[in-house]
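One file, target.cif, is given below (mmCIF, C-alpha atoms and all ligand atoms).
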data_upload
#
loop_
_atom_site.label_atom_id
_atom_site.label_comp_id
_atom_site.auth_asym_id
_atom_site.auth_seq_id
_atom_site.Cartn_x
_atom_site.Cartn_y
_atom_site.Cartn_z
CA MET A 1 -16.20 -0.65 4.74
CA ALA A 2 -12.51 -1.09 3.95
CA LEU A 3 -10.05 1.50 5.26
CA GLY A 4 -6.28 1.66 5.07
CA CYS A 5 -3.59 0.17 2.89
CA PRO A 6 -3.65 -2.55 0.19
CA LYS A 7 -2.80 -5.17 2.83
CA ASN A 8 -6.08 -4.28 4.51
CA VAL A 9 -7.88 -4.38 1.16
CA VAL A 10 -6.81 -8.04 0.81
CA ASP A 11 -8.22 -8.82 4.27
CA SER A 12 -11.47 -7.02 3.41
CA GLU A 13 -11.77 -8.97 0.15
CA LYS A 14 -11.26 -12.25 1.98
CA MET A 15 -13.91 -11.35 4.56
CA LEU A 16 -16.38 -10.36 1.82
CA ALA A 17 -15.95 -13.77 0.19
CA GLU A 18 -16.51 -15.55 3.54
CA ILE A 19 -19.60 -13.46 4.20
CA ILE A 20 -21.12 -14.19 0.76
CA LYS A 21 -20.29 -17.90 1.10
CA SER A 22 -22.33 -18.02 4.29
CA GLY A 23 -25.44 -16.74 2.57
CA PHE A 24 -25.39 -13.07 3.61
CA PHE A 25 -26.10 -10.30 1.11
CA LEU A 26 -23.76 -7.33 0.72
CA SER A 27 -24.81 -3.71 0.76
CA SER A 28 -22.55 -0.79 -0.07
CA GLU A 29 -24.70 1.68 1.92
CA VAL A 30 -24.16 1.81 5.67
CA ASP A 31 -27.76 2.75 6.48
CA ASP A 32 -29.11 -0.02 4.27
CA ALA A 33 -27.35 -2.81 6.16
CA ASP A 34 -28.32 -4.92 9.18
CA VAL A 35 -24.69 -5.41 10.14
CA VAL A 36 -21.92 -2.91 9.42
CA ILE A 37 -18.34 -4.18 9.41
CA ILE A 38 -15.53 -1.64 9.46
CA ASN A 39 -12.12 -3.05 8.59
CA THR A 40 -9.76 -0.53 10.12
CA CYS A 41 -6.21 0.69 9.83
CA GLY A 42 -4.30 1.54 13.02
CA PHE A 43 -0.96 2.44 11.49
CA ILE A 44 -0.84 6.16 12.27
CA ALA A 45 -2.95 8.67 14.17
CA PRO A 46 -4.86 10.05 11.13
CA ALA A 47 -5.78 6.50 10.05
CA ARG A 48 -7.08 5.79 13.55
CA ALA A 49 -9.03 9.06 13.53
CA GLU A 50 -10.59 8.09 10.18
CA ALA A 51 -11.49 4.67 11.55
CA LEU A 52 -13.03 6.12 14.72
CA GLU A 53 -15.11 8.52 12.67
CA ALA A 54 -16.40 5.66 10.49
CA ILE A 55 -17.24 3.63 13.61
CA GLN A 56 -19.04 6.59 15.19
CA ASN A 57 -21.08 7.09 12.01
CA ALA A 58 -22.07 3.42 11.97
CA VAL A 59 -23.02 3.54 15.65
CA ALA A 60 -25.10 6.66 14.96
CA CYS A 61 -26.97 4.72 12.22
CA LYS A 62 -27.52 1.93 14.75
CA SER A 63 -29.04 4.33 17.27
CA LYS A 64 -31.53 5.43 14.58
CA GLY A 65 -32.71 1.82 14.39
CA ARG A 66 -31.86 0.61 10.90
CA VAL A 67 -28.43 -0.89 11.55
CA LYS A 68 -28.60 -3.71 14.12
CA ARG A 69 -24.93 -4.52 14.75
CA VAL A 70 -21.55 -2.79 14.34
CA ILE A 71 -18.43 -4.96 14.05
CA VAL A 72 -14.91 -3.54 13.98
CA THR A 73 -12.11 -5.62 12.48
CA GLY A 74 -8.45 -5.16 11.50
CA CYS A 75 -5.48 -3.26 12.83
CA LEU A 76 -7.28 -0.91 15.23
CA PRO A 77 -8.75 -3.64 17.49
CA GLU A 78 -5.49 -5.55 17.14
CA TRP A 79 -3.61 -2.49 18.40
CA ILE A 80 -5.82 -1.07 21.14
CA GLY A 81 -7.94 -4.12 22.00
CA MET A 82 -10.68 -3.78 24.63
CA LYS A 83 -10.00 -0.04 24.97
CA LEU A 84 -11.95 0.37 21.73
CA PHE A 85 -15.17 -0.39 23.63
CA GLU A 86 -14.34 2.52 25.96
CA GLN A 87 -13.57 4.86 23.08
CA VAL A 88 -16.83 4.28 21.19
CA ASP A 89 -20.00 3.17 22.92
CA GLY A 90 -22.23 0.92 20.82
CA ILE A 91 -19.72 -1.44 19.14
CA ASP A 92 -21.05 -5.02 19.18
CA ALA A 93 -17.85 -6.92 18.36
CA ILE A 94 -14.16 -6.30 17.87
CA VAL A 95 -12.19 -8.77 15.76
CA GLY A 96 -8.39 -9.10 15.68
CA LEU A 97 -6.32 -10.00 12.62
CA GLY A 98 -6.07 -13.65 13.66
CA ARG A 99 -9.86 -14.19 13.39
CA ARG A 100 -10.37 -12.72 9.92
CA ASN A 101 -11.48 -16.01 8.37
CA ASP A 102 -14.14 -16.56 11.06
CA ILE A 103 -16.03 -13.39 10.19
CA ALA A 104 -19.23 -15.17 9.06
CA GLN A 105 -19.57 -17.12 12.34
CA ILE A 106 -18.74 -13.95 14.27
CA ILE A 107 -21.57 -12.10 12.49
CA GLU A 108 -23.98 -14.91 13.43
CA LYS A 109 -22.84 -14.85 17.07
CA THR A 110 -23.13 -11.07 17.17
CA ILE A 111 -26.69 -11.20 15.83
CA VAL A 112 -27.91 -13.58 18.57
CA ASN A 113 -25.84 -12.11 21.39
CA GLN A 114 -26.83 -8.82 23.00
CA LYS A 115 -23.53 -8.19 24.78
CA PRO A 116 -20.38 -6.76 23.16
CA MET A 117 -17.91 -9.49 22.27
CA ALA A 118 -14.16 -9.53 21.58
CA PHE A 119 -12.42 -11.92 19.20
CA LEU A 120 -8.78 -11.07 19.77
CA GLU A 121 -6.19 -13.76 19.43
CA LYS A 122 -2.86 -12.05 19.17
CA ASP A 123 -0.82 -15.24 19.10
CA SER A 124 -2.42 -16.74 16.03
CA ALA A 125 -1.92 -13.52 14.08
CA SER A 126 1.74 -13.40 14.95
CA LEU A 127 2.38 -17.03 14.00
CA SER A 128 0.29 -17.77 10.96
CA VAL A 129 0.32 -16.82 7.29
CA ASN A 130 -3.10 -16.22 5.80
CA ASP A 131 -4.38 -18.08 2.79
CA ASP A 132 -5.80 -15.24 0.69
CA ARG A 133 -7.26 -17.40 -2.08
CA ALA A 134 -10.97 -17.22 -2.94
CA ARG A 135 -11.34 -13.49 -2.40
CA LEU A 136 -14.05 -11.20 -3.65
CA LEU A 137 -12.19 -8.36 -5.36
CA ILE A 138 -13.37 -4.90 -4.31
CA GLY A 139 -12.17 -3.12 -7.46
CA PRO A 140 -12.45 -3.99 -11.16
CA PRO A 141 -11.79 -7.68 -11.90
CA HIS A 142 -8.66 -7.12 -14.01
CA LYS A 143 -6.31 -5.98 -11.23
CA ALA A 144 -5.55 -7.33 -7.79
CA TYR A 145 -3.12 -7.14 -4.93
CA LEU A 146 -1.11 -10.25 -4.21
CA ARG A 147 0.18 -10.33 -0.64
CA ILE A 148 3.33 -12.41 -0.36
CA SER A 149 4.09 -11.99 3.34
CA GLU A 150 2.72 -10.99 6.71
CA GLY A 151 4.23 -8.74 9.36
CA CYS A 152 7.62 -7.07 9.45
CA SER A 153 10.83 -7.60 11.38
CA ARG A 154 12.65 -4.43 10.34
CA ASN A 155 11.71 -2.48 13.46
CA CYS A 156 12.00 1.03 12.07
CA SER A 157 11.92 3.28 15.12
CA PHE A 158 8.81 5.24 14.00
CA CYS A 159 6.65 2.30 12.99
CA THR A 160 3.92 0.40 14.84
CA ILE A 161 3.46 -2.29 12.17
CA PRO A 162 5.69 -4.96 13.76
CA SER A 163 3.71 -4.60 17.02
CA ILE A 164 0.38 -4.79 15.20
CA ARG A 165 1.04 -7.36 12.49
CA GLY A 166 3.82 -9.37 14.18
CA PRO A 167 7.19 -10.52 12.85
CA PHE A 168 7.86 -11.09 9.15
CA ARG A 169 6.52 -14.36 7.72
CA SER A 170 6.83 -15.29 4.04
CA LYS A 171 3.80 -16.82 2.42
CA PRO A 172 5.00 -20.19 1.06
CA GLN A 173 5.79 -20.09 -2.66
CA GLU A 174 3.19 -22.72 -3.59
CA LEU A 175 0.48 -20.68 -1.87
CA VAL A 176 1.57 -17.43 -3.60
CA LEU A 177 1.62 -19.14 -6.98
CA ALA A 178 -1.72 -20.89 -6.44
CA GLU A 179 -3.31 -17.58 -5.52
CA ALA A 180 -1.76 -15.78 -8.49
CA LYS A 181 -2.99 -18.55 -10.81
CA GLU A 182 -6.48 -18.36 -9.36
CA LEU A 183 -6.55 -14.58 -9.85
CA ALA A 184 -5.25 -14.89 -13.42
CA GLU A 185 -7.88 -17.51 -14.24
CA SER A 186 -10.57 -15.16 -12.93
CA GLY A 187 -9.42 -12.44 -15.37
CA VAL A 188 -6.77 -10.50 -13.45
CA VAL A 189 -4.09 -9.16 -15.82
CA GLU A 190 -2.28 -6.91 -13.35
CA LEU A 191 -0.86 -8.32 -10.13
CA ASN A 192 0.44 -5.83 -7.61
CA ILE A 193 2.84 -7.57 -5.25
CA ILE A 194 2.55 -6.36 -1.67
CA GLY A 195 3.83 -7.08 1.83
CA GLN A 196 5.21 -4.77 4.51
CA ASP A 197 8.61 -5.31 2.94
CA THR A 198 8.51 -7.42 -0.22
CA THR A 199 12.30 -7.63 -0.53
CA SER A 200 12.42 -9.79 2.61
CA TRP A 201 10.41 -12.55 0.96
CA GLY A 202 12.12 -15.89 1.59
CA ALA A 203 14.55 -14.60 4.24
CA ASP A 204 12.75 -16.48 7.04
CA LEU A 205 12.66 -19.60 4.81
CA LYS A 206 16.45 -19.33 4.29
CA ILE A 207 15.96 -18.53 0.59
CA LYS A 208 18.55 -16.10 -0.80
CA ASP A 209 17.31 -13.52 -3.30
CA GLY A 210 13.81 -14.80 -2.64
CA LEU A 211 11.83 -12.01 -4.30
CA ALA A 212 13.84 -12.37 -7.53
CA LEU A 213 13.14 -16.12 -7.62
CA LEU A 214 9.48 -15.67 -6.74
CA ALA A 215 9.02 -12.98 -9.40
CA GLU A 216 10.51 -15.34 -12.02
CA GLU A 217 7.98 -18.00 -11.04
CA LEU A 218 5.10 -15.53 -11.07
CA GLU A 219 6.09 -14.44 -14.53
CA LYS A 220 5.32 -17.92 -15.87
CA ILE A 221 1.65 -17.59 -14.96
CA GLU A 222 -0.44 -17.33 -18.08
CA GLY A 223 -2.77 -14.39 -18.41
CA VAL A 224 -0.81 -12.02 -16.17
CA GLU A 225 0.60 -9.12 -18.20
CA TRP A 226 1.81 -6.75 -15.52
CA LEU A 227 3.59 -7.75 -12.33
CA ARG A 228 4.22 -4.71 -10.17
CA LEU A 229 6.61 -4.84 -7.22
CA LEU A 230 5.56 -2.53 -4.41
CA TYR A 231 7.10 -1.74 -0.99
CA LEU A 232 10.70 -2.53 -1.92
CA TYR A 233 13.01 -1.85 1.01
CA PRO A 234 16.03 -0.08 -0.54
CA ALA A 235 18.65 -2.22 1.21
CA GLY A 236 16.85 -5.35 -0.01
CA ILE A 237 17.12 -4.56 -3.73
CA THR A 238 19.84 -6.88 -4.97
CA ASP A 239 21.71 -6.97 -8.29
CA LYS A 240 19.97 -10.27 -9.01
CA LEU A 241 16.54 -8.66 -8.53
CA ILE A 242 17.47 -5.79 -10.88
CA LYS A 243 18.65 -8.32 -13.49
CA VAL A 244 15.40 -10.28 -13.23
CA ILE A 245 13.37 -7.09 -13.65
CA ALA A 246 15.51 -5.96 -16.60
CA ARG A 247 15.01 -9.15 -18.60
CA SER A 248 11.38 -9.68 -17.63
CA LYS A 249 8.58 -8.98 -20.09
CA LYS A 250 5.98 -8.74 -17.34
CA ILE A 251 7.58 -7.12 -14.30
CA THR A 252 6.83 -3.45 -14.82
CA HIS A 253 9.74 -1.04 -14.82
CA TYR A 254 8.02 0.74 -11.97
CA LEU A 255 9.57 0.43 -8.57
CA ASP A 256 8.14 1.65 -5.31
CA ILE A 257 11.08 2.19 -2.94
CA PRO A 258 10.24 3.93 0.35
CA ILE A 259 13.48 5.62 1.47
CA GLN A 260 11.96 7.68 4.37
CA HIS A 261 14.92 10.12 4.53
CA ILE A 262 18.36 10.74 3.09
CA ASN A 263 20.35 12.21 5.96
CA ASP A 264 22.59 9.53 7.49
CA ASP A 265 22.01 10.65 11.06
CA ILE A 266 18.22 10.59 10.64
CA LEU A 267 18.36 7.22 8.86
CA ARG A 268 20.36 5.82 11.77
CA LYS A 269 17.83 7.18 14.27
CA MET A 270 15.07 5.66 12.14
CA ARG A 271 16.95 2.36 12.51
CA ARG A 272 17.21 2.01 8.75
CA PRO A 273 20.39 0.32 7.47
CA ASP A 274 20.59 2.58 4.39
CA SER A 275 22.91 5.54 3.88
CA LYS A 276 22.81 8.49 1.53
CA GLU A 277 25.67 7.02 -0.48
CA ARG A 278 23.99 3.61 -0.89
CA ILE A 279 20.61 5.10 -1.81
CA CYS A 280 22.16 7.43 -4.43
CA ARG A 281 24.15 4.53 -5.88
CA LEU A 282 20.99 2.41 -6.05
CA ILE A 283 19.06 5.09 -7.94
CA GLU A 284 21.93 5.55 -10.39
CA LYS A 285 22.16 1.81 -10.97
CA LEU A 286 18.40 1.46 -11.49
CA ARG A 287 18.40 4.27 -14.06
CA GLU A 288 21.42 2.75 -15.80
CA ASP A 289 20.11 -0.82 -15.94
CA LEU A 290 16.44 0.11 -16.52
CA PRO A 291 16.48 3.32 -18.61
CA ASP A 292 12.68 3.54 -18.70
CA VAL A 293 12.25 2.95 -14.96
CA VAL A 294 9.56 4.92 -13.11
CA LEU A 295 10.41 5.43 -9.45
CA ARG A 296 8.10 6.16 -6.52
CA THR A 297 9.21 6.77 -2.96
CA THR A 298 7.92 7.94 0.40
CA VAL A 299 9.66 10.22 2.87
CA ILE A 300 8.97 11.45 6.39
CA VAL A 301 9.54 15.09 7.35
CA GLY A 302 9.84 16.35 10.90
CA PHE A 303 11.36 13.17 12.38
CA PRO A 304 12.69 13.88 15.91
CA THR A 305 15.86 16.02 15.86
CA GLU A 306 15.55 16.77 12.11
CA THR A 307 17.32 20.11 11.69
CA GLU A 308 16.79 22.71 8.99
CA GLU A 309 20.06 21.57 7.36
CA GLN A 310 19.00 17.92 7.38
CA PHE A 311 15.67 18.85 5.84
CA ASP A 312 17.46 20.96 3.20
CA GLN A 313 19.60 17.94 2.43
CA LEU A 314 16.41 15.95 1.82
CA VAL A 315 15.06 18.67 -0.48
CA GLU A 316 18.31 18.79 -2.45
CA PHE A 317 18.28 15.02 -2.76
CA ILE A 318 14.68 15.02 -4.05
CA LYS A 319 15.68 17.63 -6.65
CA TRP A 320 18.59 15.40 -7.67
CA ALA A 321 16.75 12.06 -7.65
CA ARG A 322 13.69 13.41 -9.51
CA PHE A 323 11.32 10.64 -8.47
CA ASP A 324 8.30 10.26 -10.73
CA ALA A 325 6.03 10.07 -7.68
CA LEU A 326 6.56 10.86 -4.04
CA GLY A 327 4.46 10.37 -0.93
CA CYS A 328 5.42 12.73 1.89
CA PHE A 329 4.31 12.12 5.48
CA LYS A 330 4.60 14.36 8.49
CA TYR A 331 6.15 12.41 11.36
CA TYR A 332 3.61 11.27 14.00
CA GLN A 333 4.69 10.58 17.55
CA GLU A 334 3.24 7.07 17.78
CA GLN A 335 2.96 5.79 21.33
CA GLY A 336 4.81 2.52 21.80
CA THR A 337 7.50 3.30 19.23
CA GLN A 338 11.13 4.13 19.98
CA ALA A 339 11.03 7.42 18.10
CA ALA A 340 8.14 8.65 20.24
CA GLN A 341 10.50 8.65 23.27
CA MET A 342 13.26 10.55 21.49
CA PRO A 343 14.10 14.06 22.62
CA GLY A 344 13.98 16.77 19.95
CA GLN A 345 10.41 16.28 18.75
CA VAL A 346 9.78 18.78 15.94
CA PRO A 347 6.91 21.28 16.45
CA GLU A 348 3.84 20.79 14.23
CA ASN A 349 4.16 24.17 12.51
CA ILE A 350 7.66 23.28 11.33
CA LYS A 351 6.50 19.86 10.13
CA ASN A 352 3.69 21.55 8.17
CA LYS A 353 6.10 24.05 6.62
CA ARG A 354 8.55 21.32 5.59
CA PHE A 355 5.74 19.16 4.22
CA LYS A 356 4.43 22.00 2.04
CA GLU A 357 7.89 22.93 0.80
CA LEU A 358 8.77 19.38 -0.18
CA MET A 359 5.43 18.73 -1.89
CA LEU A 360 5.88 21.90 -3.92
CA VAL A 361 9.34 20.80 -5.04
CA GLN A 362 7.96 17.40 -6.04
CA GLN A 363 5.02 18.97 -7.84
CA GLN A 364 7.37 20.86 -10.13
CA ILE A 365 9.33 17.69 -10.83
CA ALA A 366 6.18 15.63 -11.53
CA PHE A 367 4.67 18.30 -13.78
CA ALA A 368 7.90 18.67 -15.76
CA LYS A 369 8.17 14.89 -16.17
CA ASN A 370 4.56 14.75 -17.35
CA LYS A 371 5.16 17.48 -19.94
CA LYS A 372 8.06 15.45 -21.35
CA ARG A 373 5.67 12.60 -22.10
CA VAL A 374 3.48 14.72 -24.37
CA GLY A 375 3.73 13.32 -27.90
CA SER A 376 4.91 9.88 -26.77
CA GLU A 377 3.01 6.64 -27.22
CA LEU A 378 1.96 4.61 -24.19
CA ARG A 379 0.41 1.19 -23.78
CA CYS A 380 -2.38 1.64 -21.26
CA LEU A 381 -4.65 -0.63 -19.27
CA VAL A 382 -8.22 0.66 -19.19
CA ASP A 383 -9.55 0.72 -15.61
CA SER A 384 -13.02 2.23 -16.10
CA LEU A 385 -15.32 3.80 -18.63
CA ASP A 386 -17.77 6.62 -17.92
CA THR A 387 -21.15 6.86 -19.65
CA ASP A 388 -19.87 9.81 -21.74
CA GLY A 389 -17.12 7.60 -23.20
CA THR A 390 -14.29 8.99 -21.07
CA GLY A 391 -11.94 6.23 -20.04
CA LYS A 392 -9.58 6.08 -17.10
CA ALA A 393 -6.44 4.07 -17.68
CA ARG A 394 -2.87 3.68 -16.53
CA PHE A 395 0.45 3.02 -18.25
CA TYR A 396 3.06 0.82 -16.54
CA GLY A 397 4.39 3.83 -14.61
CA GLN A 398 1.15 4.42 -12.73
CA ALA A 399 0.26 2.12 -9.85
CA PRO A 400 -3.39 1.69 -8.88
CA ASP A 401 -4.86 3.76 -6.04
CA VAL A 402 -1.78 5.90 -5.34
CA ASP A 403 -0.60 7.39 -8.63
CA SER A 404 -1.94 9.70 -11.31
CA ILE A 405 -3.91 8.29 -14.25
CA CYS A 406 -4.33 8.60 -18.02
CA ILE A 407 -7.61 10.14 -19.16
CA ILE A 408 -8.91 8.99 -22.55
CA LYS A 409 -11.56 10.98 -24.42
CA ASN A 410 -13.84 8.78 -26.56
CA CYS A 411 -12.43 5.50 -25.34
CA SER A 412 -13.62 2.62 -27.51
CA SER A 413 -12.31 -0.22 -25.34
CA GLU A 414 -13.59 -2.00 -22.26
CA PRO A 415 -12.08 -1.98 -18.77
CA GLY A 416 -9.41 -4.67 -18.51
CA GLN A 417 -8.17 -4.18 -22.09
CA PHE A 418 -4.73 -2.94 -23.05
CA ILE A 419 -4.76 -0.17 -25.65
CA LYS A 420 -2.28 1.96 -27.58
CA THR A 421 -2.43 5.66 -26.82
CA LYS A 422 -0.66 8.89 -27.60
CA VAL A 423 -0.17 11.55 -24.91
CA GLU A 424 -1.77 14.82 -26.01
CA ALA A 425 -1.63 17.00 -22.93
CA THR A 426 -1.35 17.03 -19.16
CA LYS A 427 -3.87 17.92 -16.50
CA ASP A 428 -2.12 18.51 -13.18
CA TYR A 429 -0.60 15.14 -12.31
CA ASP A 430 -2.66 13.24 -14.93
CA LEU A 431 -2.02 12.63 -18.62
CA ILE A 432 -4.60 13.28 -21.32
CA VAL A 433 -4.20 10.57 -23.97
CA ARG A 434 -5.83 9.64 -27.29
CA GLN A 435 -6.50 6.06 -28.28
CA ILE A 436 -4.60 5.18 -31.49
S1 LIG B 1 9.97 -1.73 6.93
FE1 LIG B 1 9.93 -0.30 8.66
S2 LIG B 1 8.30 1.18 8.07
FE2 LIG B 1 7.99 -0.63 6.80
S3 LIG B 1 6.52 -1.88 7.96
FE3 LIG B 1 8.57 -2.59 8.51
S4 LIG B 1 9.07 -1.48 10.39
FE4 LIG B 1 7.35 -0.38 9.39
#

Translate the structure described by the file into structure tokens.
Amino acid sequence: MALGCPKNVVDSEKMLAEIIKSGFFLSSEVDDADVVIINTCGFIAPARAEALEAIQNAVACKSKGRVKRVIVTGCLPEWIGMKLFEQVDGIDAIVGLGRRNDIAQIIEKTIVNQKPMAFLEKDSASLSVNDDRARLLIGPPHKAYLRISEGCSRNCSFCTIPSIRGPFRSKPQELVLAEAKELAESGVVELNIIGQDTTSWGADLKIKDGLALLAEELEKIEGVEWLRLLYLYPAGITDKLIKVIARSKKITHYLDIPIQHINDDILRKMRRPDSKERICRLIEKLREDLPDVVLRTTVIVGFPTETEEQFDQLVEFIKWARFDALGCFKYYQEQGTQAAQMPGQVPENIKNKRFKELMLVQQQIAFAKNKKRVGSELRCLVDSLDTDGTGKARFYGQAPDVDSICIIKNCSSEPGQFIKTKVEATKDYDLIVRQI
């Protein structure tokens, strides 16, 4: 069971491949398995709650007798360690991020051993870069995530990631390219580039403008049609990177740029080096240099000390920037982070109110932008096909798993194929398209 972000998906896919290689069979049903493995996310409180619920369900299946062992892997054991055994009774093994590749041996040990075991090696996780080749993709075989780095050294004051996943480490270029080539040869046409902060790629290897150079190399890989850059830290987007994207035939004009806030005082307290002026200038430049660019961002509302005026400033900015997609998070007081200690924590009811208000503003923007696409032609990648002939697809401006989709009635193509479509209508955030 894979929970959490795309970085966790990559870890789950690698573990699945290791498990298969060792002769085990996979089952997608929890109560049909001898061993249940839950790959968890520990990033924020709701993710931990979701993980704990999944673990409790698996342990409940074990107490009924069918499931023999429950193993918990990923960020949650990395973050809370042995305390996890106290939180849920009945876990057989906890596995930290540094032992991901040993999952098959750990399963074997867990089967023969009656006592709960811990496989936590914090040091190896904080020093190494994983080789993610030879994965078993969880989704359709034409799209994949390509992780180019581990960890993060930005130290945003609200974030636990640097403590969980360690400092930033670039995956060496030859390893990134070898993995991308392997994925392309297996039929992947869309590579989604991920890392906690992809714009830092190469910084620890003393490579300037690393992501731009890496993207140019990735573009040469045959078979890949879409290269999508996700998690771009605003201050890390250089003129060189924009130029590379502008002249590329494969790097999608879709940029995911988490800004988190727009008020300078809040940004400073978040320990982000951006400012309102720089972010506005960046958006203007992107729209000038890439007229068809689709922009996604994420923001946090209710950060400590956020006043009504600062929130209003964020709302006004969102109305001005008109992002195509926006993820809004209510601030969580994460223990162990700087922001959790700050005075001026915002009450939950105010966070809820601000969240709703901002999402409503964004909804109007997204719906209006969708309406403008009616009548236009879009090249889409088919993701899936239902038995009634309805296809689900995406154009370059829709990232997998997080964005809206294109719905095709009477689709005559197979998943993994690119098709020409015309937008006929909208359905909430989605587009209804006809194959042409
Ligand atoms: S850039 Fe900031 S928010 Fe993103 S992972 Fe790093 S510390 Fe966390």

- prompt: What is the distance, in Å and to one decimal place, between atom CA of Asp132 of chain A and atom CA of Tyr233 of chain A?
  reply: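 These two atoms are separated by 23.1 Å.
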
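Going from atom CA of Gln335 of chain A to atom CA of Asp197 of chain A covers 22.2 Å.
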
- line: A straight line from atom CA of Ile251 of chain A to atom CA of Glu377 of chain A spans 19.4 Å

Can you list every residue of chain A that has an atom at most 7 Å from ligand LIG 1 (chain B), with its nearest atom pair and the distance in Å to one decimal, using all atoms listed in the file, ordered by chain then number, as a tab-separated table?
residue	atom	partner	partner_atom	distance
A:Cys152	CA	B:LIG1	FE3	4.7
A:Ser153	CA	B:LIG1	FE3	6.2
A:Arg154	CA	B:LIG1	S4	4.6
A:Asn155	CA	B:LIG1	S4	4.2
A:Cys156	CA	B:LIG1	FE1	4.2
A:Cys159	CA	B:LIG1	FE4	4.5
A:Thr160	CA	B:LIG1	FE4	6.5
A:Ile161	CA	B:LIG1	FE4	5.1
A:Pro162	CA	B:LIG1	S4	5.9
A:Gln196	CA	B:LIG1	S3	4.7
A:Asp197	CA	B:LIG1	S1	5.5
A:Tyr233	CA	B:LIG1	S1	6.7

message: Within 12 Å of (-28.3, -1.7, 14.6) (file coordinates; only C-alpha atoms), which protein or nucleic acid residues are there? I'd like them as a list of chain:residue names.
response: A:Val30, A:Asp31, A:Asp32, A:Ala33, A:Asp34, A:Val35, A:Val36, A:Ile37, A:Asn57, A:Ala58, A:Val59, A:Ala60, A:Cys61, A:Lys62, A:Ser63, A:Lys64, A:Gly65, A:Arg66, A:Val67, A:Lys68, A:Arg69, A:Val70, A:Ile71, A:Gly90, A:Ile91, A:Asp92, A:Thr110, A:Ile111, A:Gln114

Selection from above, C-alpha atoms, as a PDB file, in the coordinates of the input, can you write it?
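Below is the file selection30.pdb, written as the result:
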ATOM      1  CA  VAL A  30     -24.160   1.810   5.670  1.00  0.00           C
ATOM      2  CA  ASP A  31     -27.760   2.750   6.480  1.00  0.00           C
ATOM      3  CA  ASP A  32     -29.110  -0.020   4.270  1.00  0.00           C
ATOM      4  CA  ALA A  33     -27.350  -2.810   6.160  1.00  0.00           C
ATOM      5  CA  ASP A  34     -28.320  -4.920   9.180  1.00  0.00           C
ATOM      6  CA  VAL A  35     -24.690  -5.410  10.140  1.00  0.00           C
ATOM      7  CA  VAL A  36     -21.920  -2.910   9.420  1.00  0.00           C
ATOM      8  CA  ILE A  37     -18.340  -4.180   9.410  1.00  0.00           C
ATOM      9  CA  ASN A  57     -21.080   7.090  12.010  1.00  0.00           C
ATOM     10  CA  ALA A  58     -22.070   3.420  11.970  1.00  0.00           C
ATOM     11  CA  VAL A  59     -23.020   3.540  15.650  1.00  0.00           C
ATOM     12  CA  ALA A  60     -25.100   6.660  14.960  1.00  0.00           C
ATOM     13  CA  CYS A  61     -26.970   4.720  12.220  1.00  0.00           C
ATOM     14  CA  LYS A  62     -27.520   1.930  14.750  1.00  0.00           C
ATOM     15  CA  SER A  63     -29.040   4.330  17.270  1.00  0.00           C
ATOM     16  CA  LYS A  64     -31.530   5.430  14.580  1.00  0.00           C
ATOM     17  CA  GLY A  65     -32.710   1.820  14.390  1.00  0.00           C
ATOM     18  CA  ARG A  66     -31.860   0.610  10.900  1.00  0.00           C
ATOM     19  CA  VAL A  67     -28.430  -0.890  11.550  1.00  0.00           C
ATOM     20  CA  LYS A  68     -28.600  -3.710  14.120  1.00  0.00           C
ATOM     21  CA  ARG A  69     -24.930  -4.520  14.750  1.00  0.00           C
ATOM     22  CA  VAL A  70     -21.550  -2.790  14.340  1.00  0.00           C
ATOM     23  CA  ILE A  71     -18.430  -4.960  14.050  1.00  0.00           C
ATOM     24  CA  GLY A  90     -22.230   0.920  20.820  1.00  0.00           C
ATOM     25  CA  ILE A  91     -19.720  -1.440  19.140  1.00  0.00           C
ATOM     26  CA  ASP A  92     -21.050  -5.020  19.180  1.00  0.00           C
ATOM     27  CA  THR A 110     -23.130 -11.070  17.170  1.00  0.00           C
ATOM     28  CA  ILE A 111     -26.690 -11.200  15.830  1.00  0.00           C
ATOM     29  CA  GLN A 114     -26.830  -8.820  23.000  1.00  0.00           C
TER      30      GLN A 114
END

- request: May I have the residues within 12 Å of Asn130 of chain A as a list in words, using all atoms listed in the file and disregarding those fewer than 6 positions away in the same chain?
  value: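 Residues near the query, excluding close chain neighbours: Lys7, Val10, Asp11, Lys14, Met15, Leu97, Gly98, Arg99, Arg100, Asn101, Ser124, Leu146, Arg147, Ile148, Ser149, Glu150, Gly151, Arg165, Arg169, Ser170, Lys171, Pro172, Leu175, Val176 and Glu179 of chain A.
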
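Between Asn192 of chain A and the candidates A:Cys75, A:Ala399, A:Ile405, A:Ala49, the tightest atom-to-atom separation, counting all atoms listed in the file, involves A:Ala399.
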
query: Residues at most 10 Å from Asp388 of chain A, counting only C-alpha atoms, excluding those fewer than 5 positions away in the same chain, as a list of chain:residue names?
result: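 The neighbour list is A:Lys409, A:Asn410, A:Cys411.
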
message: For a quick check of understanding, using only C-alpha atoms, which of A:Val402, A:Val9, A:Ala246, A:Ile407 has the smallest distance to Arg434 of chain A?
response: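 Of A:Val402, A:Val9, A:Ala246, A:Ile407, the one nearest Arg434 of chain A, counting only C-alpha atoms, is A:Ile407.
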
Nearby residues, (7.9, -18.6, -12.0) file frame, 12 Å, only C-alpha atoms, as a list of chain:residue names: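 The requested residues, written out, are A:Gln173, A:Glu174, A:Val176, A:Leu177, A:Ala178, A:Ala180, A:Lys181, A:Gly210, A:Leu211, A:Ala212, A:Leu213, A:Leu214, A:Ala215, A:Glu216, A:Glu217, A:Leu218, A:Glu219, A:Lys220, A:Ile221, A:Glu222, A:Val224, A:Leu227, A:Val244, A:Ser248, A:Lys250, A:Ile251.
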